[in-house]
Number of protein chains: 2
Amino acid sequence: MDSSQFRDAAHSAIEEIIQYYDTLAERPVLPSISPGYLRPLLPDGPPEEGEAWPQIQADIERLIKPGLTHWQSPKFMAFFPCNSSFPGMLGELYSGAFNAAAFNWICSPAVTELETVVMDWIAAMLGLPEAYVSKGEGGGIIQGTASEVVVTAVVAARERLVRRKLSLEGLDAEAEEGMERAAELRGKMVALGSEHAHSSTQKAAIIAGTRFRSVPAPRETGFRVTGTALRQVIEECKKKGLEPFYFTATIGTTATCAVDDLEGIAQVAREYPDIWIHVDAAYAGSALICPEYQHLCPSMQHFDSFNFNLHKWLLVNFDCSAFFIKRRKDLIDTYSITPSYLRNKFTESGLVTDYRDWQIPLGRRFRSLKVWFVLRTYGVNGLQGFIRNHVKLGEYFHGLIASREDLFTVVTGPAFGLTTFHVNPRSITSLASSPANEPNPAHEAYLNDFTNSAEAQFREDANQATKEVYERVNSQGEFFLTSTVVCGVYVIRVVSATERAEEKYLKRVFEVLVEAAEEVVKGKVT
Amino acid sequence: MDSSQFRDAAHSAIEEIIQYYDTLAERPVLPSISPGYLRPLLPDGPPEEGEAWPQIQADIERLIKPGLTHWQSPKFMAFFPCNSSFPGMLGELYSGAFNAAAFNWICSPAVTELETVVMDWIAAMLGLPEAYVSKGEGGGIIQGTASEVVVTAVVAARERLVRRKLSLEGLDAEAEEGMERAAELRGKMVALGSEHAHSSTQKAAIIAGTRFRSVPAPRETGFRVTGTALRQVIEECKKKGLEPFYFTATIGTTATCAVDDLEGIAQVAREYPDIWIHVDAAYAGSALICPEYQHLCPSMQHFDSFNFNLHKWLLVNFDCSAFFIKRRKDLIDTYSITPSYLRNKFTESGLVTDYRDWQIPLGRRFRSLKVWFVLRTYGVNGLQGFIRNHVKLGEYFHGLIASREDLFTVVTGPAFGLTTFHVNPRSITSLASSPANEPNPAHEAYLNDFTNSAEAQFREDANQATKEVYERVNSQGEFFLTSTVVCGVYVIRVVSATERAEEKYLKRVFEVLVEAAEEVVKGKVT
């Protein structure tokens, strides 16, 4: 493909992308193909001779689009959003053009330097404590996903504690005695995470070869981990001779967007300075660009690291997770394999950052370019407006669900645009023999701990009804929602935060939900 | 940025990229800025209100390009290449447009299915054993970089051995006794890699919390690890009560593009089935698309996994590392955190692949799109021609260096386009008192082990001269080369394998090297 062919191909691709975005709302959000749809449609191998672009492009329409789930559709209300934007795509295009395996400064200085600057901009936008800015001992790095960030933090936390203990015990990490002691320590270490924290903490513990324990976050505390609960688990572990070394606090859990009790946890952080506390705000962190959410930030000064995904709710296409660290030395001491006699103040001063020493992989993409394009295209006000619009849409949807309390019961939200709810148990046959307007004690116990078998049956019925509603809606293909189970309760999650989100789509999904719920309930009543 | 603004912006970006590629050869390959150049040129934060694209684009020319190292320039002969291509960029553009956090099949079926198909295509192109194809128990996955692949393999190897040992000992991995035994095992484990293997193996061992030991690969074996050397290190470890569990074999080491003794290592693999053998062919693996290199492949049936980077030498822009595994279960058993009662034959049959269970991160980009575009645009013949052209250029350059044996001594190559060489020690003053055409025993000993202090001084002198030549050439900025030290010998590495590589640039870099070497030698002689 020469320059001129590239021009033609790119113009044609741009038109297709524009047309795709302009028609997103009309497409069923979920594809209707079956597993294995693609292979029979493709040849057995690549062609011997090259093909022209028009031939290739035609196959995108014919073979790829029918197999896409349309995450940019305003009818996508599942998981969390994964927003793209036109300036983000341009960033990806330039990044491909300026292609480099930029593993250190000289490999392409602009890649390192723009990243450091935009990460400082973001730290300031979010109101993060000064400690997370590069001019001190901390700073930010762009990694791929929150799950990579969590592994990076867990392993660094494990090794920080090993170094501290060996140093206290006067052992040399390179000597046999030190290696044996380090292995013994790692075998006793426990990574902690909320029972509602993303599964990435548990997976990170497997990768790090440590244990994992979840911290309870029951309904009574709003599915939040409190300082008290965390302290209790830490003490229980210590009593068993185990060594808690890491905890993921969450701003916006996957299930319900709960925010852990950061102030209580900050107190625990002060009591146990050997425990690395990482704050995962993968989705909800973007809201911190709005001053009305920044009251969550001051606690962060007591923690070790923080991340959120610009690819979720800040219009930078996947992947782009912003990872901020309070003492970059905590990463470098683990991830740099440059021998100690080659380290120098020049590097540690921050004048030249070798981001390879802040991460697991060696090579790096030029991701800061797309961040820079998005920040400048929207401006701070534009991005704040973007977030606030979704928060407002979440409130609107919550209001709709709440208006039909005969049919639905809100469990959480609206929180950062997310509402979770289930079918109102009172609407269901098996226990509907008591008039709906007279409270039934079993109903009230529904969401609490219980042992009574009638109540257990009651909850089981409601869970089943909610699951049926959920499956009905998704199988229609118009909208894509997700469900989850929180503390034994099956809930439907609705979050509408794509760039093209509008009130009318929430109104419509509500109608679809009502219709499905009425049918399910009717089926159970008859 | 609306559709119409995006069209204008994208067209303008395309023109800039075309102009950048058309003028690459005229630019100095290395930037001339100093550390910290960028921050003073940028505002303190993002703008409050959004800016228009022309304003942003102007800053790419003004602020970014002066800070780029031009990896696509034909004058880039450093490290290994990191090639981009126009169809690769189009793939990145569409991937941004179809943006999704595609962590499982339903999240966007085309993302999973295209990846499985193109990886099978690639396995066939490379002549990999059938075991690495998805229709059996193996298959391929696209990960970011070779270093991520190596961590993925090392951790999976560690856990595979833990599972096997616990199972033999009848211990439950979830019970305290099993956890303690697992920790004890991990503490004794040793990851092995050639002394010339990429540093990623050592870093992976740190991340996995295991030990690392290098396997000698001296000059006498052509810097290759032999089966004998590997067996010896394994036995030494076992005698110390340690447990070797993983070895990185290399096709094309970073320093010299040496290929380890795969047949000898395959024999070791049969003797020690608990040791996971991974083949890292990050750069050189692309050459396997040419039948003349496929004699390296049959040994692979005795190994566990293999990877190479399409972003190095196969025109797919960064990042894109192809990772093939013989038994995907070896990955899934470690990386899947789906409870066992949710696993089913449906998933394990390969009908629905959840690639998140083959890797460390959860989310995934649509990387197979750019691979598909590149394979189709060039065709197999086009790609083979691309590789063979660079191999030929490497031979040409090797011939030039060899033609000046008074000045240079070839150390290795040409291998996959790479030649390494140093200043001929005979040309240097301190020991040049004996006529150059009469062999001096010290010269002959130069590259071997020695203790004689005169010989050590001789080697030191030659290393110093070579370093000076290297620094002179790089400081001129016209070309970018790298140097390295192999078994105590300082060498300059030249590999020219960018898309725009041509003989004339190799002729020119040779002239520049000769000029620099003559000046350095003259300086030492006078």
# chains A, B, ... in the order shown; residues from 1 in each chain; ligands from 1

$ interface_residues --of "chain A" --to "chain B" --cutoff "6 Å" --atoms "only C-alpha atoms" --output "ChimeraX atom specification"
/A:3,18,45,47-51,64,67-69,71,82,89,93,96,100,107-110,121,147-148,183,187,208,317,361,376-381

$ residues_around --residues "region 399-408 of chain A" --least-positions-apart "5" --cutoff "6 Å" --atoms "only C-alpha atoms" --output "list of chain:residue names"
A:His422, A:Val423, A:Asn424

$ write_last_selection --atoms "N, CA and C atoms" --output "PDB file, in the first residue's frame"
ATOM      1  N   HIS A 422     -34.358  -4.985  41.653  1.00  0.00           N
ATOM      2  CA  HIS A 422     -34.894  -6.315  41.357  1.00  0.00           C
ATOM      3  C   HIS A 422     -36.406  -6.248  41.331  1.00  0.00           C
ATOM      4  N   VAL A 423     -36.987  -7.330  40.929  1.00  0.00           N
ATOM      5  CA  VAL A 423     -38.457  -7.411  40.910  1.00  0.00           C
ATOM      6  C   VAL A 423     -38.936  -7.356  42.356  1.00  0.00           C
ATOM      7  N   ASN A 424     -39.908  -6.521  42.618  1.00  0.00           N
ATOM      8  CA  ASN A 424     -40.443  -6.399  43.969  1.00  0.00           C
ATOM      9  C   ASN A 424     -41.024  -7.744  44.405  1.00  0.00           C
TER      10      ASN A 424
END

$ residues_around --residues "region 133-141 of chain A" --least-positions-apart "5" --cutoff "6 Å" --atoms "only C-alpha atoms" --output "number ranges by chain"
A: 119-120, 323-328

$ atom_distance --atom1 "CA of Phe397 (chain B)" --atom2 "CA of Leu481 (chain B)"
13.6 Å

$ atom_distance --atom1 "CA of Asn307 (chain A)" --atom2 "CA of Asn309 (chain B)"
28.6 Å

$ select_by_dssp --residues "region 60-230 of chain B" --states "helix (DSSP H, G or I)" --output "PyMOL selection string"
chain B and resi 60-67+86-97+105-107+109-126+130-132+146-168+176-188+200-208+219-221+227-230

$ closest_residue --among "B:Ile332, B:Val29, B:Asn389, B:Ile428" --to "Met77 (chain B)" --atoms "only C-alpha atoms"
B:Val29

$ atom_distance --atom1 "CA of Val391 (chain A)" --atom2 "CA of Pro414 (chain A)"
7.9 Å

$ residues_around --residues "region 459-471 of chain A" --least-positions-apart "3" --cutoff "10 Å" --atoms "only C-alpha atoms" --output "short mmCIF file (atom, residue, chain, number, x, y, z; two decimals) with all heavy atoms, in the first residue's frame"
data_model
loop_
_atom_site.label_atom_id
_atom_site.label_comp_id
_atom_site.auth_asym_id
_atom_site.auth_seq_id
_atom_site.Cartn_x
_atom_site.Cartn_y
_atom_site.Cartn_z
N PHE A 408 -40.91 -2.99 40.97
CA PHE A 408 -39.46 -3.03 41.16
C PHE A 408 -39.05 -2.51 42.54
O PHE A 408 -39.73 -1.66 43.11
CB PHE A 408 -38.74 -2.14 40.12
CG PHE A 408 -38.97 -2.56 38.71
CD1 PHE A 408 -39.61 -1.71 37.80
CD2 PHE A 408 -38.53 -3.81 38.24
CE1 PHE A 408 -39.81 -2.09 36.48
CE2 PHE A 408 -38.73 -4.19 36.92
CZ PHE A 408 -39.37 -3.33 36.03
N PHE A 421 -31.52 -2.89 40.79
CA PHE A 421 -32.88 -3.13 41.28
C PHE A 421 -33.27 -4.57 41.00
O PHE A 421 -32.60 -5.27 40.24
CB PHE A 421 -33.87 -2.17 40.59
CG PHE A 421 -33.87 -2.31 39.09
CD1 PHE A 421 -34.81 -3.12 38.45
CD2 PHE A 421 -32.91 -1.66 38.32
CE1 PHE A 421 -34.78 -3.27 37.06
CE2 PHE A 421 -32.88 -1.82 36.93
CZ PHE A 421 -33.82 -2.61 36.31
N HIS A 422 -34.36 -4.99 41.65
CA HIS A 422 -34.89 -6.32 41.36
C HIS A 422 -36.41 -6.25 41.33
O HIS A 422 -37.00 -5.21 41.64
CB HIS A 422 -34.39 -7.35 42.36
CG HIS A 422 -34.71 -7.03 43.79
ND1 HIS A 422 -35.97 -7.11 44.32
CD2 HIS A 422 -33.90 -6.60 44.80
CE1 HIS A 422 -35.93 -6.75 45.60
NE2 HIS A 422 -34.69 -6.43 45.90
N VAL A 423 -36.99 -7.33 40.93
CA VAL A 423 -38.46 -7.41 40.91
C VAL A 423 -38.94 -7.36 42.36
O VAL A 423 -38.40 -8.04 43.22
CB VAL A 423 -38.90 -8.71 40.21
CG1 VAL A 423 -40.41 -8.91 40.35
CG2 VAL A 423 -38.49 -8.68 38.74
N ASN A 424 -39.91 -6.52 42.62
CA ASN A 424 -40.44 -6.40 43.97
C ASN A 424 -41.02 -7.74 44.41
O ASN A 424 -41.96 -8.26 43.77
CB ASN A 424 -41.54 -5.32 44.00
CG ASN A 424 -42.09 -5.11 45.40
OD1 ASN A 424 -41.83 -5.91 46.32
ND2 ASN A 424 -42.85 -4.04 45.56
N PRO A 425 -40.49 -8.28 45.48
CA PRO A 425 -40.95 -9.62 45.91
C PRO A 425 -42.46 -9.65 46.19
O PRO A 425 -43.10 -10.68 46.01
CB PRO A 425 -40.16 -9.88 47.18
CG PRO A 425 -39.20 -8.78 47.36
CD PRO A 425 -39.44 -7.74 46.32
N ARG A 426 -43.00 -8.52 46.58
CA ARG A 426 -44.45 -8.49 46.89
C ARG A 426 -45.30 -8.76 45.68
O ARG A 426 -46.47 -9.10 45.78
CB ARG A 426 -44.85 -7.13 47.46
CG ARG A 426 -44.30 -6.93 48.85
CD ARG A 426 -44.80 -5.65 49.45
NE ARG A 426 -43.99 -5.33 50.61
CZ ARG A 426 -43.98 -4.16 51.21
NH1 ARG A 426 -44.73 -3.18 50.74
NH2 ARG A 426 -43.24 -3.97 52.26
N SER A 427 -44.73 -8.55 44.51
CA SER A 427 -45.53 -8.74 43.29
C SER A 427 -45.63 -10.21 42.91
O SER A 427 -46.35 -10.57 41.99
CB SER A 427 -44.89 -7.96 42.14
OG SER A 427 -43.64 -8.54 41.80
N ILE A 428 -44.90 -11.04 43.62
CA ILE A 428 -44.80 -12.44 43.19
C ILE A 428 -45.80 -13.33 43.92
O ILE A 428 -46.02 -13.21 45.12
CB ILE A 428 -43.36 -12.96 43.40
CG1 ILE A 428 -42.41 -12.08 42.59
CG2 ILE A 428 -43.24 -14.41 42.95
CD1 ILE A 428 -40.98 -12.32 42.91
N THR A 429 -46.37 -14.26 43.16
CA THR A 429 -47.42 -15.15 43.65
C THR A 429 -47.18 -15.79 45.00
O THR A 429 -47.92 -15.59 45.94
CB THR A 429 -47.59 -16.34 42.67
OG1 THR A 429 -47.25 -15.89 41.39
CG2 THR A 429 -48.97 -16.90 42.74
N SER A 430 -46.11 -16.57 45.07
CA SER A 430 -45.97 -17.53 46.16
C SER A 430 -46.20 -16.90 47.53
O SER A 430 -46.77 -17.53 48.41
CB SER A 430 -44.60 -18.20 46.11
OG SER A 430 -43.60 -17.22 46.24
N LEU A 431 -45.79 -15.66 47.71
CA LEU A 431 -46.01 -15.03 49.00
C LEU A 431 -46.94 -13.83 48.87
O LEU A 431 -47.03 -13.01 49.75
CB LEU A 431 -44.67 -14.63 49.61
CG LEU A 431 -43.90 -15.83 50.21
CD1 LEU A 431 -42.48 -15.44 50.52
CD2 LEU A 431 -44.60 -16.34 51.46
N ALA A 442 -41.84 -11.27 56.17
CA ALA A 442 -40.88 -11.98 55.31
C ALA A 442 -40.33 -11.05 54.24
O ALA A 442 -39.16 -11.11 53.88
CB ALA A 442 -41.53 -13.18 54.66
N HIS A 443 -41.21 -10.16 53.76
CA HIS A 443 -40.76 -9.22 52.73
C HIS A 443 -39.65 -8.33 53.27
O HIS A 443 -38.66 -8.07 52.61
CB HIS A 443 -41.91 -8.34 52.24
CG HIS A 443 -43.02 -9.12 51.63
ND1 HIS A 443 -44.25 -8.56 51.38
CD2 HIS A 443 -43.09 -10.41 51.22
CE1 HIS A 443 -45.04 -9.47 50.85
NE2 HIS A 443 -44.36 -10.61 50.73
N ALA A 445 -37.61 -8.92 55.57
CA ALA A 445 -36.38 -9.66 55.86
C ALA A 445 -35.62 -10.01 54.58
O ALA A 445 -34.48 -10.44 54.61
CB ALA A 445 -36.71 -10.94 56.62
N TYR A 446 -36.28 -9.77 53.47
CA TYR A 446 -35.77 -10.22 52.19
C TYR A 446 -34.29 -9.90 51.97
O TYR A 446 -33.52 -10.71 51.49
CB TYR A 446 -36.61 -9.58 51.09
CG TYR A 446 -36.07 -9.80 49.71
CD1 TYR A 446 -36.10 -11.07 49.12
CD2 TYR A 446 -35.50 -8.77 48.99
CE1 TYR A 446 -35.60 -11.29 47.86
CE2 TYR A 446 -35.00 -8.98 47.72
CZ TYR A 446 -35.06 -10.23 47.17
OH TYR A 446 -34.56 -10.43 45.93
N LEU A 447 -33.95 -8.69 52.33
CA LEU A 447 -32.60 -8.27 52.00
C LEU A 447 -31.63 -8.42 53.15
O LEU A 447 -30.49 -7.96 53.06
CB LEU A 447 -32.62 -6.83 51.50
CG LEU A 447 -33.25 -6.71 50.12
CD1 LEU A 447 -33.67 -5.28 49.85
CD2 LEU A 447 -32.29 -7.19 49.05
N SER A 453 -36.72 -20.73 56.63
CA SER A 453 -36.75 -21.32 55.29
C SER A 453 -37.81 -20.68 54.39
O SER A 453 -37.63 -20.60 53.18
CB SER A 453 -36.94 -22.83 55.38
OG SER A 453 -38.23 -23.09 55.87
N ALA A 454 -38.90 -20.18 54.96
CA ALA A 454 -39.92 -19.50 54.14
C ALA A 454 -39.31 -18.26 53.51
O ALA A 454 -39.53 -17.94 52.34
CB ALA A 454 -41.12 -19.12 55.00
N GLU A 455 -38.53 -17.55 54.32
CA GLU A 455 -37.90 -16.34 53.80
C GLU A 455 -36.88 -16.67 52.72
O GLU A 455 -36.75 -15.97 51.72
CB GLU A 455 -37.24 -15.56 54.94
CG GLU A 455 -38.28 -14.92 55.85
CD GLU A 455 -37.73 -14.56 57.22
OE1 GLU A 455 -36.52 -14.77 57.43
OE2 GLU A 455 -38.51 -14.09 58.06
N ALA A 456 -36.16 -17.78 52.94
CA ALA A 456 -35.17 -18.19 51.94
C ALA A 456 -35.88 -18.50 50.62
O ALA A 456 -35.42 -18.11 49.55
CB ALA A 456 -34.40 -19.41 52.43
N ASN A 474 -32.58 -8.95 27.53
CA ASN A 474 -31.36 -9.14 26.72
C ASN A 474 -31.62 -9.98 25.48
O ASN A 474 -31.03 -9.73 24.43
CB ASN A 474 -30.25 -9.78 27.56
CG ASN A 474 -29.34 -8.72 28.17
OD1 ASN A 474 -29.61 -7.52 28.06
ND2 ASN A 474 -28.27 -9.15 28.80
N SER A 475 -32.51 -10.97 25.61
CA SER A 475 -32.72 -11.84 24.46
C SER A 475 -33.44 -11.11 23.33
O SER A 475 -33.37 -11.51 22.17
CB SER A 475 -33.50 -13.09 24.86
OG SER A 475 -34.82 -12.73 25.19
N GLN A 476 -34.13 -10.01 23.65
CA GLN A 476 -34.77 -9.22 22.60
C GLN A 476 -33.73 -8.48 21.76
O GLN A 476 -33.99 -8.08 20.62
CB GLN A 476 -35.76 -8.22 23.21
CG GLN A 476 -37.01 -8.89 23.79
CD GLN A 476 -37.76 -8.01 24.79
OE1 GLN A 476 -37.48 -6.81 24.87
NE2 GLN A 476 -38.67 -8.59 25.53
N PHE A 480 -28.65 -3.95 25.89
CA PHE A 480 -27.75 -4.89 26.53
C PHE A 480 -27.54 -4.42 27.97
O PHE A 480 -27.02 -3.34 28.22
CB PHE A 480 -26.43 -4.96 25.77
CG PHE A 480 -25.46 -6.03 26.26
CD1 PHE A 480 -25.88 -7.14 26.99
CD2 PHE A 480 -24.10 -5.92 25.96
CE1 PHE A 480 -24.98 -8.12 27.41
CE2 PHE A 480 -23.19 -6.90 26.38
CZ PHE A 480 -23.63 -7.99 27.12
N LEU A 481 -28.04 -5.22 28.92
CA LEU A 481 -27.91 -4.93 30.35
C LEU A 481 -27.06 -6.04 30.97
O LEU A 481 -26.88 -7.09 30.37
CB LEU A 481 -29.29 -4.94 31.03
CG LEU A 481 -30.41 -4.15 30.35
CD1 LEU A 481 -31.71 -4.31 31.15
CD2 LEU A 481 -30.03 -2.68 30.24
N THR A 482 -26.58 -5.82 32.18
CA THR A 482 -25.99 -6.94 32.92
C THR A 482 -26.69 -7.10 34.26
O THR A 482 -27.39 -6.20 34.73
CB THR A 482 -24.46 -6.78 33.14
OG1 THR A 482 -24.15 -5.44 33.41
CG2 THR A 482 -23.67 -7.25 31.95
N SER A 483 -26.48 -8.28 34.82
CA SER A 483 -27.05 -8.58 36.13
C SER A 483 -25.91 -9.02 37.03
O SER A 483 -24.82 -9.32 36.56
CB SER A 483 -28.08 -9.69 36.01
OG SER A 483 -27.42 -10.87 35.59
N THR A 484 -26.18 -9.05 38.30
CA THR A 484 -25.16 -9.55 39.23
C THR A 484 -25.87 -10.02 40.50
O THR A 484 -27.07 -9.82 40.67
CB THR A 484 -24.10 -8.47 39.52
OG1 THR A 484 -23.01 -9.05 40.22
CG2 THR A 484 -24.67 -7.35 40.36
N VAL A 485 -25.10 -10.63 41.37
CA VAL A 485 -25.65 -11.06 42.65
C VAL A 485 -24.88 -10.35 43.75
O VAL A 485 -23.65 -10.45 43.81
CB VAL A 485 -25.51 -12.60 42.82
CG1 VAL A 485 -26.02 -13.04 44.19
CG2 VAL A 485 -26.28 -13.32 41.71
N GLY A 488 -26.23 -12.30 47.92
CA GLY A 488 -27.31 -13.26 47.74
C GLY A 488 -28.51 -12.74 46.97
O GLY A 488 -29.44 -13.49 46.69
N VAL A 489 -28.50 -11.47 46.63
CA VAL A 489 -29.64 -10.87 45.94
C VAL A 489 -29.31 -10.67 44.46
O VAL A 489 -28.31 -10.03 44.13
CB VAL A 489 -30.02 -9.53 46.59
CG1 VAL A 489 -31.19 -8.89 45.83
CG2 VAL A 489 -30.37 -9.73 48.05
N TYR A 490 -30.16 -11.20 43.60
CA TYR A 490 -29.96 -11.07 42.16
C TYR A 490 -30.51 -9.72 41.72
O TYR A 490 -31.68 -9.42 41.94
CB TYR A 490 -30.71 -12.20 41.45
CG TYR A 490 -30.39 -12.33 39.99
CD1 TYR A 490 -29.51 -13.30 39.53
CD2 TYR A 490 -30.96 -11.48 39.05
CE1 TYR A 490 -29.21 -13.43 38.18
CE2 TYR A 490 -30.66 -11.58 37.70
CZ TYR A 490 -29.79 -12.56 37.27
OH TYR A 490 -29.49 -12.68 35.94
N VAL A 491 -29.66 -8.90 41.12
CA VAL A 491 -30.12 -7.57 40.68
C VAL A 491 -29.80 -7.33 39.21
O VAL A 491 -28.87 -7.92 38.66
CB VAL A 491 -29.48 -6.42 41.51
CG1 VAL A 491 -29.86 -6.52 42.97
CG2 VAL A 491 -27.96 -6.38 41.34
N ILE A 492 -30.59 -6.45 38.61
CA ILE A 492 -30.30 -5.96 37.26
C ILE A 492 -29.58 -4.63 37.42
O ILE A 492 -29.94 -3.81 38.27
CB ILE A 492 -31.60 -5.78 36.44
CG1 ILE A 492 -32.29 -7.14 36.28
CG2 ILE A 492 -31.31 -5.14 35.09
CD1 ILE A 492 -33.68 -7.05 35.63
N ARG A 493 -28.52 -4.45 36.62
CA ARG A 493 -27.75 -3.20 36.65
C ARG A 493 -28.06 -2.41 35.38
O ARG A 493 -28.00 -2.97 34.29
CB ARG A 493 -26.24 -3.49 36.64
CG ARG A 493 -25.66 -4.25 37.79
CD ARG A 493 -24.24 -4.72 37.47
NE ARG A 493 -23.23 -3.66 37.50
CZ ARG A 493 -22.75 -3.04 36.46
NH1 ARG A 493 -23.18 -3.34 35.25
NH2 ARG A 493 -21.84 -2.09 36.58
N VAL A 512 -39.46 -1.34 28.32
CA VAL A 512 -39.15 -2.74 28.01
C VAL A 512 -39.06 -3.57 29.29
O VAL A 512 -39.56 -4.70 29.37
CB VAL A 512 -37.84 -2.81 27.18
CG1 VAL A 512 -37.35 -4.24 27.07
CG2 VAL A 512 -38.06 -2.20 25.81
N LEU A 513 -38.46 -2.98 30.32
CA LEU A 513 -38.33 -3.67 31.61
C LEU A 513 -39.70 -3.88 32.26
O LEU A 513 -39.99 -4.95 32.80
CB LEU A 513 -37.42 -2.87 32.55
CG LEU A 513 -35.92 -3.04 32.31
CD1 LEU A 513 -35.14 -1.88 32.94
CD2 LEU A 513 -35.43 -4.37 32.88
N VAL A 514 -40.52 -2.84 32.21
CA VAL A 514 -41.86 -2.94 32.81
C VAL A 514 -42.66 -4.05 32.12
O VAL A 514 -43.26 -4.92 32.77
CB VAL A 514 -42.61 -1.59 32.72
CG1 VAL A 514 -44.10 -1.77 33.02
CG2 VAL A 514 -42.00 -0.56 33.67
N GLU A 515 -42.61 -4.02 30.82
CA GLU A 515 -43.34 -5.02 30.04
C GLU A 515 -42.88 -6.44 30.41
O GLU A 515 -43.70 -7.33 30.66
CB GLU A 515 -43.08 -4.75 28.56
CG GLU A 515 -44.05 -5.40 27.61
CD GLU A 515 -43.70 -5.00 26.17
OE1 GLU A 515 -43.47 -3.80 25.92
OE2 GLU A 515 -43.64 -5.92 25.33
N ALA A 516 -41.57 -6.61 30.45
CA ALA A 516 -41.02 -7.93 30.79
C ALA A 516 -41.42 -8.33 32.20
O ALA A 516 -41.82 -9.47 32.45
CB ALA A 516 -39.51 -7.93 30.63
N ALA A 517 -41.30 -7.39 33.13
CA ALA A 517 -41.61 -7.70 34.54
C ALA A 517 -43.08 -8.04 34.70
O ALA A 517 -43.43 -8.99 35.41
CB ALA A 517 -41.22 -6.52 35.43
N GLU A 518 -43.93 -7.28 34.02
CA GLU A 518 -45.37 -7.57 34.14
C GLU A 518 -45.69 -8.96 33.62
O GLU A 518 -46.48 -9.68 34.21
CB GLU A 518 -46.18 -6.49 33.42
CG GLU A 518 -46.27 -5.22 34.29
CD GLU A 518 -46.96 -4.04 33.60
OE1 GLU A 518 -47.06 -4.08 32.35
OE2 GLU A 518 -47.39 -3.11 34.31
N GLU A 519 -45.05 -9.33 32.54
CA GLU A 519 -45.30 -10.66 32.00
C GLU A 519 -44.78 -11.75 32.93
O GLU A 519 -45.44 -12.76 33.14
CB GLU A 519 -44.66 -10.81 30.62
CG GLU A 519 -45.54 -10.21 29.54
CD GLU A 519 -44.90 -10.29 28.17
OE1 GLU A 519 -44.18 -11.27 27.91
OE2 GLU A 519 -45.10 -9.35 27.38
N VAL A 520 -43.60 -11.53 33.47
CA VAL A 520 -43.02 -12.54 34.37
C VAL A 520 -43.89 -12.68 35.62
O VAL A 520 -44.21 -13.80 36.04
CB VAL A 520 -41.57 -12.17 34.74
CG1 VAL A 520 -41.09 -12.99 35.93
CG2 VAL A 520 -40.65 -12.37 33.54
N VAL A 521 -44.30 -11.54 36.17
CA VAL A 521 -45.11 -11.57 37.39
C VAL A 521 -46.46 -12.24 37.11
O VAL A 521 -46.92 -13.08 37.88
CB VAL A 521 -45.29 -10.14 37.95
CG1 VAL A 521 -46.40 -10.11 38.99
CG2 VAL A 521 -43.98 -9.64 38.52
N GLY A 523 -47.10 -14.40 34.86
CA GLY A 523 -46.83 -15.84 34.72
C GLY A 523 -46.77 -16.53 36.07
O GLY A 523 -47.21 -17.66 36.22
N LYS A 524 -46.23 -15.84 37.04
CA LYS A 524 -46.07 -16.44 38.37
C LYS A 524 -47.40 -16.41 39.13
O LYS A 524 -47.69 -17.30 39.91
CB LYS A 524 -45.00 -15.71 39.18
CG LYS A 524 -43.65 -15.75 38.49
CD LYS A 524 -42.53 -15.98 39.45
CE LYS A 524 -41.21 -16.16 38.74
NZ LYS A 524 -40.91 -17.54 38.42
#

$ select_by_dssp --residues "region 119-274 of chain B" --states "strand (DSSP E)" --output "ChimeraX atom specification"
/B:139-143,189-194,211-215,243-250

$ write_last_selection --atoms "C-alpha atoms" --output "CSV table (one decimal), in the first residue's frame"
chain,number,residue,atom,x,y,z
B,139,GLY,CA,-3.9,-22.3,20.1
B,140,GLY,CA,-2.7,-18.8,19.8
B,141,ILE,CA,-3.5,-15.5,21.5
B,142,ILE,CA,-2.3,-12.0,20.7
B,143,GLN,CA,-0.7,-10.3,23.7
B,189,MET,CA,11.8,-22.7,42.2
B,190,VAL,CA,14.3,-21.4,39.6
B,191,ALA,CA,13.5,-19.9,36.3
B,192,LEU,CA,16.3,-20.4,33.7
B,193,GLY,CA,17.3,-18.4,30.7
B,194,SER,CA,20.4,-18.0,28.5
B,211,ARG,CA,14.7,-17.4,41.7
B,212,PHE,CA,16.5,-16.9,38.4
B,213,ARG,CA,19.6,-18.5,37.0
B,214,SER,CA,21.3,-17.9,33.7
B,215,VAL,CA,22.6,-20.7,31.5
B,243,GLU,CA,13.5,-26.9,41.5
B,244,PRO,CA,14.1,-25.6,37.9
B,245,PHE,CA,10.6,-25.1,36.5
B,246,TYR,CA,11.0,-22.9,33.4
B,247,PHE,CA,13.4,-22.2,30.7
B,248,THR,CA,13.4,-19.5,27.9
B,249,ALA,CA,15.0,-20.8,24.7
B,250,THR,CA,15.7,-18.1,22.2
